[in-house]
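These notes concern the structure reproduced below.
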Amino acid sequence: MGTPYRSGAFKRSNDSTRLVITTIMGMVFGYFVGISFPSVSLTKINLPSSLISTLDYAFNDDHRHAIERTFPENLGSGSTPLTPKIYVPSNPRGAESLPPGIVVSESDFYLRRLWGEPSEDLTKKPKYLVTFTVGLDQKYNIDAAVKKFSEDFQILLFHYDGRTTEWDQFEWSKHAVHVSVKKQTKWWYAKRFLHPDVVAAYDYIFIWDEDLGVEHFNAEKYMQLVKKHGLDISQPGLEPNNGLTWQMTKRRGDREVHKDTEEKPGWCSDPHLPPCAAFVEIMAPVFSREAWRCVWHLIQNDLVHGWGLDFALRRCVEPAHEKIGVVDSQWIVHQVIPSLGNQGQPENGKAPWEGVRERCRNEWAMFQDRLSNADKAYFAQHGKTRV
């Protein structure tokens, strides 16, 4: 009787063992299926086709609604793509197919953050733009000049020697804009980086040389006088004993501003024309936004020194003899440092600066010829006689 009992007990124990082993294997199998499931495509799992269709429709429907919320014009009835029919001829050239409300045709040099709300980037928007074309050798002179300008003035340095990081020894340099292309002049930079639409945020634009002494110059007072006297194109008066070329730009000690002068006999055919009036030099000009929009178009791409521009600036404001002038009570010193001239290349036994000066003179003649020919072509085309 004992043998049958032991046989039944053994059978029940064997069954229990198989159940435990089966359970463990099922758990292990389920674990590996679970961790591998994210990489398994639904189409590779043998699910009923009706279930797959339902899941696919649900996903695509959610995706469609998201697109409709973001780009409602992209989908029409029957999921047929719709292209907005927009044509606005008054938009900037090339942007006629855009709705006017999204067009941004102007820019600025305001420095912005990489984080946060765009509307909170700027605690103050500078009203004026000051540019210097510089080499590192004149860093202390530029440091003194920049310190004459408040936070209302955005500083932009054009580096003709390619050295920019060294300027970070000055705290203000870390907030300035730096553009570096070797062996280029300020008018080359101005034509390429100061398009009127790029600097449209600024009321006035300073385009200054690096060799200017500013001990007697106050930028805020200068701007007050420019506005008071209605000057669209101006410059500070020059110290009479340093680097003076024209009588017009010579500082007068008895007034705030002057707009005309007397020159050598025969130099002025008309007292309202350069160099007796409607004239400033190209070393330290200041332009209103409106005047600069015209002057920028006058600059020639290949005539990089700007010689001759000063005699043509009068074409950009009217009446020129009233809108162009020299601010006497805020004056500067032209130090006449031929630093950019030394960036030239010696040729045919000539020093670097000699080649640069020769090109300056040649460009002046070329500019005069181009302007004269453009005048003749215009008047001939319109059947008019030049006055």
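Each chain in the structure tokens gets a letter, A, B, ..., in the order shown, and its residues are numbered from 1; ligands are numbered from 1 in order too.
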
Residues within 8 Å of Ala284 of chain A, only C-alpha atoms, excluding chain neighbours under 3 positions, as a PDB file with C-alpha atoms, in the first residue's frame:
ATOM      1  CA  PHE A 206      29.362 108.257 -38.264  1.00  0.00           C
ATOM      2  CA  ILE A 207      31.989 106.963 -40.725  1.00  0.00           C
ATOM      3  CA  TRP A 208      35.274 107.984 -39.168  1.00  0.00           C
ATOM      4  CA  ASP A 209      38.994 107.437 -39.648  1.00  0.00           C
ATOM      5  CA  GLN A 235      31.622 116.872 -39.618  1.00  0.00           C
ATOM      6  CA  PRO A 236      33.355 118.329 -36.573  1.00  0.00           C
ATOM      7  CA  GLU A 281      35.691 115.955 -46.022  1.00  0.00           C
TER       8      GLU A 281
END

Within 7 Å of segment 125-141 of chain A, counting only C-alpha atoms, which residues qualify if same-chain residues fewer than 6 places away don't, as a PDB file with N, CA and C atoms, in the first residue's frame?
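The file below, part_24.pdb, is the result:
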ATOM      1  N   GLU A 151      25.959 105.211 -24.371  1.00  0.00           N
ATOM      2  CA  GLU A 151      25.239 104.009 -24.772  1.00  0.00           C
ATOM      3  C   GLU A 151      24.236 104.279 -25.883  1.00  0.00           C
ATOM      4  N   ASP A 152      24.002 105.530 -26.202  1.00  0.00           N
ATOM      5  CA  ASP A 152      23.121 105.855 -27.327  1.00  0.00           C
ATOM      6  C   ASP A 152      23.790 105.587 -28.671  1.00  0.00           C
ATOM      7  N   PHE A 153      25.066 105.294 -28.638  1.00  0.00           N
ATOM      8  CA  PHE A 153      25.836 105.098 -29.868  1.00  0.00           C
ATOM      9  C   PHE A 153      26.320 103.644 -29.957  1.00  0.00           C
ATOM     10  N   GLN A 154      25.934 102.961 -31.027  1.00  0.00           N
ATOM     11  CA  GLN A 154      26.423 101.608 -31.290  1.00  0.00           C
ATOM     12  C   GLN A 154      27.794 101.704 -31.958  1.00  0.00           C
ATOM     13  N   ILE A 155      28.786 100.983 -31.427  1.00  0.00           N
ATOM     14  CA  ILE A 155      30.147 101.027 -31.967  1.00  0.00           C
ATOM     15  C   ILE A 155      30.365  99.833 -32.902  1.00  0.00           C
ATOM     16  N   LEU A 156      30.871 100.123 -34.093  1.00  0.00           N
ATOM     17  CA  LEU A 156      31.191  99.100 -35.082  1.00  0.00           C
ATOM     18  C   LEU A 156      32.615  99.334 -35.570  1.00  0.00           C
ATOM     19  N   LEU A 157      33.478  98.338 -35.395  1.00  0.00           N
ATOM     20  CA  LEU A 157      34.865  98.442 -35.843  1.00  0.00           C
ATOM     21  C   LEU A 157      35.089  97.585 -37.080  1.00  0.00           C
ATOM     22  N   PHE A 158      35.664  98.197 -38.104  1.00  0.00           N
ATOM     23  CA  PHE A 158      36.110  97.480 -39.294  1.00  0.00           C
ATOM     24  C   PHE A 158      37.626  97.304 -39.171  1.00  0.00           C
ATOM     25  N   HIS A 159      38.094  96.068 -39.185  1.00  0.00           N
ATOM     26  CA  HIS A 159      39.514  95.779 -38.938  1.00  0.00           C
ATOM     27  C   HIS A 159      40.246  95.498 -40.252  1.00  0.00           C
ATOM     28  N   TYR A 160      41.091  96.423 -40.668  1.00  0.00           N
ATOM     29  CA  TYR A 160      41.814  96.222 -41.930  1.00  0.00           C
ATOM     30  C   TYR A 160      43.081  95.386 -41.753  1.00  0.00           C
ATOM     31  N   ASP A 161      43.465  95.077 -40.506  1.00  0.00           N
ATOM     32  CA  ASP A 161      44.662  94.263 -40.289  1.00  0.00           C
ATOM     33  C   ASP A 161      44.331  92.844 -39.821  1.00  0.00           C
ATOM     34  N   ARG A 163      43.114  91.775 -37.042  1.00  0.00           N
ATOM     35  CA  ARG A 163      43.337  91.496 -35.622  1.00  0.00           C
ATOM     36  C   ARG A 163      42.144  92.037 -34.819  1.00  0.00           C
ATOM     37  N   LYS A 186      37.636 102.040 -45.471  1.00  0.00           N
ATOM     38  CA  LYS A 186      36.333 102.222 -44.832  1.00  0.00           C
ATOM     39  C   LYS A 186      35.208 102.330 -45.856  1.00  0.00           C
ATOM     40  N   TYR A 202      19.143 103.483 -37.194  1.00  0.00           N
ATOM     41  CA  TYR A 202      19.933 104.557 -36.595  1.00  0.00           C
ATOM     42  C   TYR A 202      19.612 105.904 -37.242  1.00  0.00           C
ATOM     43  N   ASP A 203      19.462 106.911 -36.404  1.00  0.00           N
ATOM     44  CA  ASP A 203      19.135 108.247 -36.909  1.00  0.00           C
ATOM     45  C   ASP A 203      20.301 108.873 -37.657  1.00  0.00           C
ATOM     46  N   TYR A 204      21.529 108.617 -37.171  1.00  0.00           N
ATOM     47  CA  TYR A 204      22.729 109.178 -37.806  1.00  0.00           C
ATOM     48  C   TYR A 204      23.833 108.123 -37.825  1.00  0.00           C
ATOM     49  N   ILE A 205      24.672 108.202 -38.846  1.00  0.00           N
ATOM     50  CA  ILE A 205      25.762 107.247 -39.020  1.00  0.00           C
ATOM     51  C   ILE A 205      27.080 108.009 -39.124  1.00  0.00           C
ATOM     52  N   PHE A 206      28.012 107.685 -38.236  1.00  0.00           N
ATOM     53  CA  PHE A 206      29.362 108.257 -38.264  1.00  0.00           C
ATOM     54  C   PHE A 206      30.272 107.291 -39.035  1.00  0.00           C
ATOM     55  N   ILE A 207      31.035 107.801 -39.988  1.00  0.00           N
ATOM     56  CA  ILE A 207      31.989 106.963 -40.725  1.00  0.00           C
ATOM     57  C   ILE A 207      33.351 107.639 -40.602  1.00  0.00           C
ATOM     58  N   TRP A 208      34.081 107.244 -39.569  1.00  0.00           N
ATOM     59  CA  TRP A 208      35.274 107.984 -39.168  1.00  0.00           C
ATOM     60  C   TRP A 208      36.571 107.205 -39.388  1.00  0.00           C
ATOM     61  N   ASP A 209      37.639 107.991 -39.598  1.00  0.00           N
ATOM     62  CA  ASP A 209      38.994 107.437 -39.648  1.00  0.00           C
ATOM     63  C   ASP A 209      39.470 107.113 -38.231  1.00  0.00           C
ATOM     64  N   GLU A 210      40.619 106.470 -38.157  1.00  0.00           N
ATOM     65  CA  GLU A 210      41.158 106.059 -36.856  1.00  0.00           C
ATOM     66  C   GLU A 210      42.113 107.089 -36.247  1.00  0.00           C
TER      67      GLU A 210
END

Between atom CA of His382 of chain A and atom CA of His321 of chain A, what is the distance, to one decimal in Å?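 We find that atom CA of His382 of chain A and atom CA of His321 of chain A lie 26.9 Å from each other.
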
Exercise: segment 353-360 of chain A partners within 9 Å, only C-alpha atoms, chain neighbours under 5 positions left out, as a PyMOL selection string: chain A and resi 303-307+338-347+365
